[in-house]
Amino acid sequence: MRFITVKNYEEMSKKAAIIIAAEVLKKEDCVLGLATGSTPVGTYSRLAEMCDAGEIDFSKTRSVNLDEYVGLDVENDQSYRKFMNVNFFNKINIDINNTNVPNGCAEDLNKECERYDALIESMGGVDIQLLGIGVDGHIGFNEPDSEFVMGTHHVTLDESTIQANARFFDSENDVPRSALTMGMKAIMNAKQILMIANGKGKKDILMKALYGPVTPEVPASILQLHPNVTVIYSEE
Ligand code: GLP
């Protein structure tokens, strides 16, 4: 594992964008595993700037997102599909048909999970997976549990996650109580993992995940078993 400490959010975003851009340059039809949350917004802006400047071309790039709230569709400002369109896809030259987010409004959520896993497999898996980390150590929406869940699944969100994510909603009551998330299999099968974290508030959980025991109670700790992980952390 490579652990890179940087001085601020800007630098974290710039370095993360360079690592992702390198992947796109090496393999134009690469599969990007993408994340939401406030942490990757700067990374997406940087990548959009590089695309604008003609430095990278996303026209053949494909993507799969980690997760989606159950019950929120693209029209909802808080859905992760909308987040990705606004913060990234609409700003670059990716073909929107090549971008994938689980459908949290599917009639049969279990079928949707199966479809998503089959889709990732048919794409040949993820080349580089971008991850943030939740305050409880979740990655995607893989919440602390008694076991690591392998496939894409329907998950009940932890109280701490609901509270942490309430800042994006009008009130805590509006935060969906469940989500669909890619499981550990697709994440761990990614050829490369890039985790970004910023702020003092993330330091304890990050250290616990990366240097503590590997346990499903700290979902991100599974990354210790992956052979190609880069973590970029900014304390500011
Ligand atoms: C959400 C997402 C995670 C993300 C986490 C951290 O719960 N499902 O993928 O890593 O938030 O968010 P933030 O970057 O806003 O701290």
# chains A, B, ... in the order shown; residues from 1 in each chain; ligands from 1

$ closest_atom_pairs --of "chain A" --to "ligand 1" --cutoff "10 Å" --atoms "only C-alpha atoms and all ligand atoms" --output "Markdown table"
| residue | atom | partner | partner_atom_place_in_ligand_line | distance |
| --- | --- | --- | --- | --- |
| A:Leu34 | CA | ligand 1 | 9 (O) | 8.6 |
| A:Ala35 | CA | ligand 1 | 9 (O) | 5.1 |
| A:Thr36 | CA | ligand 1 | 9 (O) | 5.2 |
| A:Gly37 | CA | ligand 1 | 15 (O) | 3.6 |
| A:Ser38 | CA | ligand 1 | 15 (O) | 3.7 |
| A:Thr39 | CA | ligand 1 | 14 (O) | 3.7 |
| A:Pro40 | CA | ligand 1 | 14 (O) | 6.5 |
| A:Val41 | CA | ligand 1 | 14 (O) | 8.4 |
| A:Asn65 | CA | ligand 1 | 9 (O) | 9.1 |
| A:Leu66 | CA | ligand 1 | 9 (O) | 6.7 |
| A:Asp67 | CA | ligand 1 | 8 (N) | 6.2 |
| A:Glu68 | CA | ligand 1 | 8 (N) | 7.6 |
| A:Tyr69 | CA | ligand 1 | 8 (N) | 8.6 |
| A:Tyr80 | CA | ligand 1 | 8 (N) | 8.7 |
| A:Leu130 | CA | ligand 1 | 9 (O) | 9.0 |
| A:Leu131 | CA | ligand 1 | 10 (O) | 5.9 |
| A:Gly132 | CA | ligand 1 | 10 (O) | 3.4 |
| A:Ile133 | CA | ligand 1 | 10 (O) | 4.1 |
| A:Gly134 | CA | ligand 1 | 6 (C) | 4.3 |
| A:Val135 | CA | ligand 1 | 6 (C) | 7.1 |
| A:Asp136 | CA | ligand 1 | 5 (C) | 9.4 |
| A:Gly137 | CA | ligand 1 | 10 (O) | 8.8 |
| A:His138 | CA | ligand 1 | 3 (C) | 7.0 |
| A:Ile139 | CA | ligand 1 | 9 (O) | 5.5 |
| A:Gly140 | CA | ligand 1 | 9 (O) | 3.8 |
| A:Phe141 | CA | ligand 1 | 8 (N) | 4.8 |
| A:Asn142 | CA | ligand 1 | 8 (N) | 8.3 |
| A:Glu143 | CA | ligand 1 | 7 (O) | 9.3 |
| A:Leu157 | CA | ligand 1 | 7 (O) | 8.9 |
| A:Asp158 | CA | ligand 1 | 7 (O) | 9.9 |
| A:Ser160 | CA | ligand 1 | 7 (O) | 9.8 |
| A:Thr161 | CA | ligand 1 | 7 (O) | 6.2 |
| A:Ile162 | CA | ligand 1 | 7 (O) | 8.3 |
| A:Ala164 | CA | ligand 1 | 7 (O) | 7.8 |
| A:Asn165 | CA | ligand 1 | 7 (O) | 6.5 |
| A:Arg167 | CA | ligand 1 | 15 (O) | 9.2 |
| A:Phe168 | CA | ligand 1 | 15 (O) | 9.0 |
| A:Ala179 | CA | ligand 1 | 8 (N) | 8.7 |
| A:Leu180 | CA | ligand 1 | 8 (N) | 9.6 |
| A:Thr181 | CA | ligand 1 | 8 (N) | 8.1 |
| A:Met195 | CA | ligand 1 | 10 (O) | 8.9 |
| A:Ile196 | CA | ligand 1 | 14 (O) | 8.4 |
| A:Ala197 | CA | ligand 1 | 14 (O) | 7.2 |
| A:Asn198 | CA | ligand 1 | 16 (O) | 7.9 |
| A:Gly199 | CA | ligand 1 | 16 (O) | 8.9 |
| A:Gly201 | CA | ligand 1 | 16 (O) | 9.2 |
| A:Lys202 | CA | ligand 1 | 16 (O) | 8.0 |

$ residues_around --residues "Ile128 in chain A" --least-positions-apart "6" --cutoff "9 Å" --atoms "only C-alpha atoms" --output "count of residues only"
12

$ residues_around --residues "Asp29 in chain A" --least-positions-apart "4" --cutoff "9 Å" --atoms "only C-alpha atoms" --output "PDB file with C-alpha atoms, in the first residue's frame"
ATOM      1  CA  VAL A  24      -7.418   6.551 -18.993  1.00  0.00           C
ATOM      2  CA  PHE A  58     -13.076   9.897 -22.047  1.00  0.00           C
ATOM      3  CA  SER A  59     -14.965   9.077 -25.248  1.00  0.00           C
ATOM      4  CA  LYS A  60     -14.292   5.350 -24.924  1.00  0.00           C
ATOM      5  CA  THR A  61     -14.127   5.188 -21.124  1.00  0.00           C
ATOM      6  CA  ARG A  62     -16.696   3.147 -19.228  1.00  0.00           C
TER       7      ARG A  62
END

$ closest_residue --among "A:Pro102, A:Pro227, A:Pro176, A:Pro219" --to "His153 in chain A" --atoms "only C-alpha atoms"
A:Pro102

$ select_by_dssp --residues "range 19-183 of chain A" --states "helix (DSSP H, G or I)" --output "PyMOL selection string"
chain A and resi 19-26+41-52+80-87+89-91+96-98+109-122+159-168+172-174

$ closest_residue --among "A:Val74, A:Val214, A:Ala21, A:Val64" --to "Asn98 in chain A" --atoms "only C-alpha atoms"
A:Val64

$ residues_around --residues "range 116-125 of chain A" --least-positions-apart "2" --cutoff "7 Å" --atoms "only C-alpha atoms" --output "ChimeraX atom specification"
/A:102,112-114,127,151-152,186,189-190

$ atom_distance --atom1 "CA of Asn93 in chain A" --atom2 "CA of Ala106 in chain A"
27.6 Å

$ select_by_dssp --residues "range 92-210 of chain A" --states "strand (DSSP E or B)" --output "list in words"
Thr99, Asn100, Ile128, Gln129, Leu130, Leu131, Ile139, Asn142, His153, His154, Val155, Thr156, Ser178, Ala179, Leu180, Thr181, Gln192, Ile193, Leu194, Met195, Ile196, Ala197 and Asn198 of chain A

$ residues_around --residues "Ser234 in chain A" --least-positions-apart "2" --cutoff "9 Å" --atoms "only C-alpha atoms" --output "compact mmCIF listing (two decimals) with N, CA and C atoms, in the first residue's frame"
# COMPACT_ATOMS: atom_id res chain seq x y z
N ILE A 4 0.01 8.37 0.81
CA ILE A 4 0.53 9.70 0.46
C ILE A 4 -0.19 10.74 1.32
N THR A 5 0.58 11.52 2.06
CA THR A 5 -0.03 12.59 2.85
C THR A 5 0.20 13.90 2.09
N VAL A 6 -0.84 14.66 1.94
CA VAL A 6 -0.71 15.94 1.23
C VAL A 6 -1.20 17.07 2.14
N LYS A 7 -0.94 18.32 1.69
CA LYS A 7 -1.25 19.40 2.64
C LYS A 7 -2.71 19.87 2.61
N ASN A 8 -3.37 19.73 1.50
CA ASN A 8 -4.77 20.18 1.50
C ASN A 8 -5.63 19.45 0.47
N TYR A 9 -6.89 19.80 0.47
CA TYR A 9 -7.88 19.16 -0.41
C TYR A 9 -7.50 19.30 -1.88
N GLU A 11 -4.56 19.62 -3.22
CA GLU A 11 -3.46 18.73 -3.61
C GLU A 11 -3.92 17.28 -3.69
N MET A 12 -4.79 16.90 -2.75
CA MET A 12 -5.34 15.54 -2.79
C MET A 12 -6.08 15.31 -4.11
N ILE A 196 -9.29 8.15 -1.28
CA ILE A 196 -9.00 9.52 -0.89
C ILE A 196 -9.79 9.86 0.37
N ALA A 197 -9.15 10.62 1.24
CA ALA A 197 -9.82 11.01 2.49
C ALA A 197 -9.29 12.36 2.89
N ASN A 198 -10.15 13.20 3.41
CA ASN A 198 -9.63 14.48 3.88
C ASN A 198 -10.32 14.93 5.15
N GLY A 199 -9.57 15.67 5.94
CA GLY A 199 -10.11 16.22 7.18
C GLY A 199 -9.69 15.38 8.38
N LYS A 200 -9.47 16.09 9.49
CA LYS A 200 -9.07 15.42 10.73
C LYS A 200 -10.10 14.38 11.16
N ILE A 232 -4.58 8.57 -0.53
CA ILE A 232 -4.13 9.97 -0.45
C ILE A 232 -4.94 10.63 0.66
N GLU A 236 -6.09 18.70 6.25
CA GLU A 236 -6.83 19.97 6.25
C GLU A 236 -8.27 19.78 5.81

$ residues_around --residues "range 42-56 of chain A" --least-positions-apart "6" --cutoff "9 Å" --atoms "only C-alpha atoms" --output "PyMOL selection string"
chain A and resi 9-10+12-18+20-22+24-25+87-89+91-93

$ write_last_selection --atoms "N, CA, C and O atoms" --output "PDB file, in the first residue's frame"
ATOM      1  N   TYR A   9      -6.894  19.798   0.472  1.00  0.00           N
ATOM      2  CA  TYR A   9      -7.883  19.157  -0.405  1.00  0.00           C
ATOM      3  C   TYR A   9      -7.499  19.302  -1.884  1.00  0.00           C
ATOM      4  O   TYR A   9      -7.630  18.364  -2.667  1.00  0.00           O
ATOM      5  N   GLU A  10      -7.008  20.515  -2.226  1.00  0.00           N
ATOM      6  CA  GLU A  10      -6.615  20.782  -3.610  1.00  0.00           C
ATOM      7  C   GLU A  10      -5.558  19.796  -4.095  1.00  0.00           C
ATOM      8  O   GLU A  10      -5.644  19.244  -5.191  1.00  0.00           O
ATOM      9  N   MET A  12      -4.788  16.898  -2.752  1.00  0.00           N
ATOM     10  CA  MET A  12      -5.341  15.536  -2.786  1.00  0.00           C
ATOM     11  C   MET A  12      -6.081  15.314  -4.114  1.00  0.00           C
ATOM     12  O   MET A  12      -5.889  14.304  -4.789  1.00  0.00           O
ATOM     13  N   SER A  13      -6.907  16.298  -4.481  1.00  0.00           N
ATOM     14  CA  SER A  13      -7.720  16.181  -5.695  1.00  0.00           C
ATOM     15  C   SER A  13      -6.843  16.112  -6.938  1.00  0.00           C
ATOM     16  O   SER A  13      -7.102  15.329  -7.861  1.00  0.00           O
ATOM     17  N   LYS A  14      -5.787  16.939  -6.935  1.00  0.00           N
ATOM     18  CA  LYS A  14      -4.910  16.992  -8.099  1.00  0.00           C
ATOM     19  C   LYS A  14      -4.189  15.652  -8.291  1.00  0.00           C
ATOM     20  O   LYS A  14      -4.158  15.100  -9.390  1.00  0.00           O
ATOM     21  N   LYS A  15      -3.652  15.130  -7.193  1.00  0.00           N
ATOM     22  CA  LYS A  15      -2.915  13.860  -7.287  1.00  0.00           C
ATOM     23  C   LYS A  15      -3.848  12.713  -7.682  1.00  0.00           C
ATOM     24  O   LYS A  15      -3.492  11.873  -8.509  1.00  0.00           O
ATOM     25  N   ALA A  16      -5.038  12.691  -7.092  1.00  0.00           N
ATOM     26  CA  ALA A  16      -5.992  11.628  -7.426  1.00  0.00           C
ATOM     27  C   ALA A  16      -6.365  11.709  -8.909  1.00  0.00           C
ATOM     28  O   ALA A  16      -6.424  10.687  -9.606  1.00  0.00           O
ATOM     29  N   ALA A  17      -6.572  12.934  -9.392  1.00  0.00           N
ATOM     30  CA  ALA A  17      -6.949  13.113 -10.804  1.00  0.00           C
ATOM     31  C   ALA A  17      -5.830  12.634 -11.723  1.00  0.00           C
ATOM     32  O   ALA A  17      -6.090  11.990 -12.749  1.00  0.00           O
ATOM     33  N   ILE A  18      -4.596  12.894 -11.335  1.00  0.00           N
ATOM     34  CA  ILE A  18      -3.462  12.465 -12.176  1.00  0.00           C
ATOM     35  C   ILE A  18      -3.412  10.935 -12.268  1.00  0.00           C
ATOM     36  O   ILE A  18      -3.206  10.362 -13.333  1.00  0.00           O
ATOM     37  N   ILE A  20      -5.902   8.826 -11.918  1.00  0.00           N
ATOM     38  CA  ILE A  20      -7.016   8.339 -12.751  1.00  0.00           C
ATOM     39  C   ILE A  20      -6.753   8.657 -14.232  1.00  0.00           C
ATOM     40  O   ILE A  20      -6.962   7.817 -15.115  1.00  0.00           O
ATOM     41  N   ALA A  21      -6.244   9.862 -14.481  1.00  0.00           N
ATOM     42  CA  ALA A  21      -5.955  10.261 -15.869  1.00  0.00           C
ATOM     43  C   ALA A  21      -4.937   9.310 -16.491  1.00  0.00           C
ATOM     44  O   ALA A  21      -5.061   8.927 -17.671  1.00  0.00           O
ATOM     45  N   ALA A  22      -3.949   8.902 -15.706  1.00  0.00           N
ATOM     46  CA  ALA A  22      -2.917   7.984 -16.220  1.00  0.00           C
ATOM     47  C   ALA A  22      -3.556   6.680 -16.684  1.00  0.00           C
ATOM     48  O   ALA A  22      -3.188   6.115 -17.713  1.00  0.00           O
ATOM     49  N   VAL A  24      -6.654   6.299 -17.763  1.00  0.00           N
ATOM     50  CA  VAL A  24      -7.418   6.551 -18.993  1.00  0.00           C
ATOM     51  C   VAL A  24      -6.469   6.683 -20.193  1.00  0.00           C
ATOM     52  O   VAL A  24      -6.774   6.224 -21.301  1.00  0.00           O
ATOM     53  N   LEU A  25      -5.303   7.270 -19.947  1.00  0.00           N
ATOM     54  CA  LEU A  25      -4.322   7.409 -21.035  1.00  0.00           C
ATOM     55  C   LEU A  25      -3.770   6.053 -21.453  1.00  0.00           C
ATOM     56  O   LEU A  25      -3.557   5.793 -22.633  1.00  0.00           O
ATOM     57  N   ASN A  87     -21.646  16.500 -11.380  1.00  0.00           N
ATOM     58  CA  ASN A  87     -20.263  16.766 -10.963  1.00  0.00           C
ATOM     59  C   ASN A  87     -19.193  16.219 -11.906  1.00  0.00           C
ATOM     60  O   ASN A  87     -18.036  16.608 -11.826  1.00  0.00           O
ATOM     61  N   PHE A  88     -19.608  15.293 -12.774  1.00  0.00           N
ATOM     62  CA  PHE A  88     -18.576  14.687 -13.616  1.00  0.00           C
ATOM     63  C   PHE A  88     -19.022  14.424 -15.056  1.00  0.00           C
ATOM     64  O   PHE A  88     -18.484  15.027 -15.989  1.00  0.00           O
ATOM     65  N   PHE A  89     -20.007  13.562 -15.232  1.00  0.00           N
ATOM     66  CA  PHE A  89     -20.301  13.091 -16.582  1.00  0.00           C
ATOM     67  C   PHE A  89     -20.672  14.226 -17.547  1.00  0.00           C
ATOM     68  O   PHE A  89     -20.261  14.207 -18.701  1.00  0.00           O
ATOM     69  N   LYS A  91     -19.599  17.108 -17.560  1.00  0.00           N
ATOM     70  CA  LYS A  91     -18.472  18.030 -17.770  1.00  0.00           C
ATOM     71  C   LYS A  91     -17.368  17.413 -18.628  1.00  0.00           C
ATOM     72  O   LYS A  91     -16.361  18.068 -18.894  1.00  0.00           O
ATOM     73  N   ILE A  92     -17.502  16.133 -18.968  1.00  0.00           N
ATOM     74  CA  ILE A  92     -16.464  15.480 -19.761  1.00  0.00           C
ATOM     75  C   ILE A  92     -17.087  14.851 -21.000  1.00  0.00           C
ATOM     76  O   ILE A  92     -18.315  14.842 -21.137  1.00  0.00           O
ATOM     77  N   ASN A  93     -16.241  14.321 -21.871  1.00  0.00           N
ATOM     78  CA  ASN A  93     -16.786  13.791 -23.131  1.00  0.00           C
ATOM     79  C   ASN A  93     -17.076  12.285 -23.056  1.00  0.00           C
ATOM     80  O   ASN A  93     -16.911  11.581 -24.041  1.00  0.00           O
TER      81      ASN A  93
END

$ closest_residue --among "A:Gly212, A:Asp174, A:Asn97, A:Val70" --to "Val155 in chain A" --atoms "only C-alpha atoms"
A:Val70

$ atom_distance --atom1 "CA of Glu235 in chain A" --atom2 "CA of Ile19 in chain A"
19.9 Å

$ closest_residue --among "A:Val149, A:Pro144, A:Thr156, A:Tyr233" --to "Lys203 in chain A" --atoms "only C-alpha atoms"
A:Tyr233

$ atom_distance --atom1 "CA of Asp170 in chain A" --atom2 "CA of Gly71 in chain A"
16.2 Å

$ closest_residue --among "A:Glu147, A:Met184, A:Ser171, A:Ile94" --to "His226 in chain A" --atoms "only C-alpha atoms"
A:Met184
